[in-house]
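Enquirer: Take this structure first; my questions come after.
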Amino acid sequence: MSQRAVMAPTGRASSRGWPAARVAFGLLLLLAALALPDRPAGVGSVRFPVEWFWIAGLLALARGRVFALLTALLLALVAAITVLRLADWGTLLAFSRPFDPVVDRSILVAGWHLLSGTIGDGRALLAIGAALAAFAAGVALLSYGLAGLRRLGIRARKQLAGAALAAGLAATGLLLVTPAALPLSAGFSSYAGAKFAAARRSYAAQAEFAREMAVDPLEDARPDALLSALQGHDVLLVFVESYGRSALENPLLAPRTLSRLQSVETELAAAGVSARSGWMGSPIAGGQSWLAHGTILSGLLVDNQIRYESLIGSDRESLNALFREAGWRTVAVMPAITMPWPEARWFGYDEVLAAKDLGYRGLPFNWVTMPDQFTLHRIGEILDRSAQPVMLQTALISSHAPWTPIPHMVPWETVGDGRVFDEQARSGEAPEVLWRNHDRVRENYGLSIDYALEAVGSFVARFARSAVVVVVGDHQPAELVTGPGASRDVPVHVLSNDPDILRRLDGWGWTDGMIPAANATSVPMSAFRERFVRAMSGAGGAT
């Protein structure tokens with residue numbers, strides 16, 4: 001009897017203590033979710049969210065169905081905002097911009113292809129599965145912890161509510177009066193409001209894009225003698241993956257890139273080819289290259305997937321289609337295209353050569369299907385056998401992440417079917433090893449740009465001396481390489497052995513040679529189509 005008398009109070013104390021510990025655990029998880037910063041750079045400067053006090057107080061006061069409803073709404077809101085914040089982390093690191101839930105649905109597919117191409121399907125599935133399981137477990141634990149409020153006594157709940165609401169009132173007052181004095185913030189609520197406002201703006205921007213597509217200055221005022229200055233020349237539009245302004249100006253990258261551009265200029269001059277160089281503002285950074293392609297070729301700002309899909313369903317004439325109308329045979333050489341590409345119909349190509357059509361029999365370089373030298377060698381063969389002038393668009397991909405292994409040039413006569421590159425494809429670090437060291441990632445990025453520029457210069461000097469070649473970066477690399485706050489500018493070079501063609505660019509403010517002046521004005525990619533067509537048509541000249 002005395003034994004039961006001793007044990008009973010201990011058992012009751014344990015049952016009272018466990019709900020309190022459970023609630024404390026839930027409130028700590030809630031605090032962590034609310035305090036999650038909006039971007040990775042904010043991890044080291046987290047501020048205390050005043051919303052935490054108000055939520056804890058209101059939940060402590062609520063009873064029955066009201067408590068259940070508030071908890072369900074809170075869990076849904078916290079889960080949604082956490083997903084959006086983590087999505088922002090991903091797109092800020094990859095594309096230097098926040099996630100847009102209205103237009104970014106394609107990022108999931110593109111991200112899967114990049115991840116699986118880098119580390120393999122099995123590891124990619126495991127990584128995604130682990131992330132989803134961890135997130136679901138976090139939400140379940142938060143729900144379990146907050147549900148412990150039901151088991152607290154009325155007195156304990158009132159005490160918690162009173163203390164939390166009083167602290168919330170004081171913290172909110174301090175935040176309003178002296179916002180920088182204490183490490184407090186209302187970041188959770190302001191983030192949710194900003195995301196809602198951004199979604200509304202995104203919807204409005206899509207409607208504005210439809211109005212922009214309806215007005216084409218080249219259709220309403222078609223220039224005389226369309227593209228006549230280029231008659232008799234093959235014309236190549238060469239996108240170089242991730243070739244951004246940072247490659248020329250970031251102190252960690254610039255020495256190698258500038259040295260390569262100078263050597264390319266010397267090589268081209270020996271072949272009788274001159275260059276003009278400048279800057280263009282890309283609509284994107286870090287990825288989604290097709291949006292940059294669509295922007296240059298349409299003359300419209302195409303900075304998200306919805307705009308891109310609207311464009312390729314429209315009657316807008318691409319730059320390729322204008323060349324075809326003027327008598328060129330239009331060809332796309334796209335070594336990154338490994339799946340059906342129905343969008344190609346809009347561009348106006350007479351022929352599309354995707355990865356499987358290029359005859360490469362060598363090993364891939366991880367995600368990169370083939371080295372740039374092989375792609376350019378095939379382009380040289382296309383130009384050589386064509387009976388009419390060719391307008392050819394290509395996107396070189398050796399400078400695409402994960403930047404390992406890095407190709408190097410071989411004698412052109414040994415390129416063959418690409419198996420000469422197999423030893424190179426087997427070399428270098430595995431992506432999962434390289435990407436543990438950010439300095440090595442930047443180094444390999446710079447090496448990949450150096451290789452791409454070397455390949456382009458050697459190709460033009462050897463196979464395309466009489467062609468007009470526009471070489472342009474599609475976008476800056478990810479913030480991991482450039483650092484935060486980098487511009488969206490990319491270099492652009494126009495190469496030709498015809499002085500008259502380059503003179504038609506005199507009013508553009510571009511620089512003679514392969515290195516654009518640092519103070520040269522950057523123009524948006526969307527301006528290139530009209531400016532180039534007008535400059536190369538009729539009497540032509542600066543526009």
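By convention in this document, the chains of the structure tokens carry letters A, B, ... by their order, each chain's residues are numbered from 1, and ligands are numbered from 1 in the order they are shown.
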What are the closest atom pairs, with distances in Å to one decimal, for all residues of range 421-539 of chain A lying within 12 Å of range 326-333 of chain A? Consider only C-alpha atoms, order rows by chain and residue number, and present the result as a tab-separated table.

Expert:
```
residue	atom	partner	partner_atom	distance
A:Val533	CA	A:Ala326	CA	11.0
A:Met536	CA	A:Ala326	CA	11.7
A:Ser537	CA	A:Ala326	CA	10.3
```

Enquirer: Which of range 427-479 of chain A end up as strand (DSSP E or B) when DSSP is run on this backbone - answer as a list in words?

Expert: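 So the strand (DSSP E or B) residues in range 427-479 of chain A would be Val468, Val469, Val470, Val471, Val472, Gly473 and Gln476 of chain A.
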
Enquirer: For Ser189 in chain A, please output as a PyMOL selection string all residues within 10 Å (counting only C-alpha atoms; exclusion window: fewer than 2 positions along the same chain).

Expert: chain A and resi 34+49-51+81+185-187+191-195

Enquirer: When distances are computed from only C-alpha atoms, which of A:Ser386, A:Thr521, A:Ser314, A:Ser289 shows the smallest separation from Ile337 in chain A?

Expert: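 Smallest separation from Ile337 in chain A among the options: A:Ser289.
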
Enquirer: Can you tell me, as number ranges by chain, what residues are no more than 7 Å from range 360-365 of chain A when counting only C-alpha atoms, ignoring any on the same chain fewer than 6 positions away?

Expert: A: 405, 417-419, 421-422, 425

Enquirer: Report as a PyMOL selection string all protein, DNA and RNA residues lying within 7 Å of range 55-69 of chain A, evaluated on only C-alpha atoms, omitting residues in the same chain fewer than 3 positions from it.

Expert: chain A and resi 51-52+72-73+149+157-158+160-162+164-165

Enquirer: Near Gln262 in chain A, within 9 Å and counting only C-alpha atoms, which residues show up once chain neighbours fewer than 6 positions away are dropped, as a count of residues only?

Expert: 3

Enquirer: DSSP on the backbone, then: every residue of range 342-493 of chain A marked helix (DSSP H, G or I), written as an MDAnalysis selection string.

Expert: chainID A and resid 344:347 355:357 372:385 412:414 419:425 431:434 438:463 479:482

Enquirer: Can you pull out the residues contacting Tyr451 in chain A? Cut-off 12 Å, using only C-alpha atoms, and skip same-chain residues under 3 positions away; I want them as an MDAnalysis selection string.

Expert: chainID A and resid 240:241 243 256:257 260:261 264 371:373 396:400 403 405:410 444:448 454:458

Enquirer: For a test of reading the model, state the distance in Å between CA of Pro340 in chain A and CA of Ala355 in chain A, rounded to one decimal.

Expert: 10.9 Å

Enquirer: Restricting the calculation to only C-alpha atoms, which member of A:Leu297, A:Leu480, A:Ala271, A:Leu311 is positioned closest to Phe463 in chain A?

Expert: A:Ala271

Enquirer: Under the rule that only C-alpha atoms are counted, which of A:Asp500, A:Ala20, A:Leu36, A:Trp279 is the nearest residue to Asn519 in chain A?

Expert: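 For Asn519 in chain A, the nearest of the given residues is A:Trp279.
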
Enquirer: Between A:Ala486, A:Ala321, A:Val78, A:Ala461, which one has atoms that come closest to Leu226 in chain A, using only C-alpha atoms?

Expert: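 Nearest candidate to Leu226 in chain A out of A:Ala486, A:Ala321, A:Val78, A:Ala461: A:Ala321.
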
Enquirer: Name the closest residue to Glu309 in chain A among the candidates A:Ala275, A:Leu268, A:Ala344, A:Ala467; distances are taken between atoms, counting only C-alpha atoms.

Expert: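 Checking each candidate against Glu309 in chain A, we get A:Ala344 as the closest.
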
Enquirer: Enter the distance from CA of Met525 in chain A to CA of Thr91 in chain A, in Å, rounded to one decimal.

Expert: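 If I compute the distance from CA of Met525 in chain A to CA of Thr91 in chain A, I get 21.5 Å.
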
Enquirer: Rounded to one decimal, what separation in Å do you get between CA of Arg488 in chain A and CA of Gly244 in chain A?

Expert: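 It comes out at 7.5 Å.
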
Enquirer: So which one's closest to Ala247 in chain A, A:Ala518, A:Val490, A:Val523, A:Met280? Using only C-alpha atoms, please.

Expert: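 For Ala247 in chain A, the nearest of the given residues is A:Val490.
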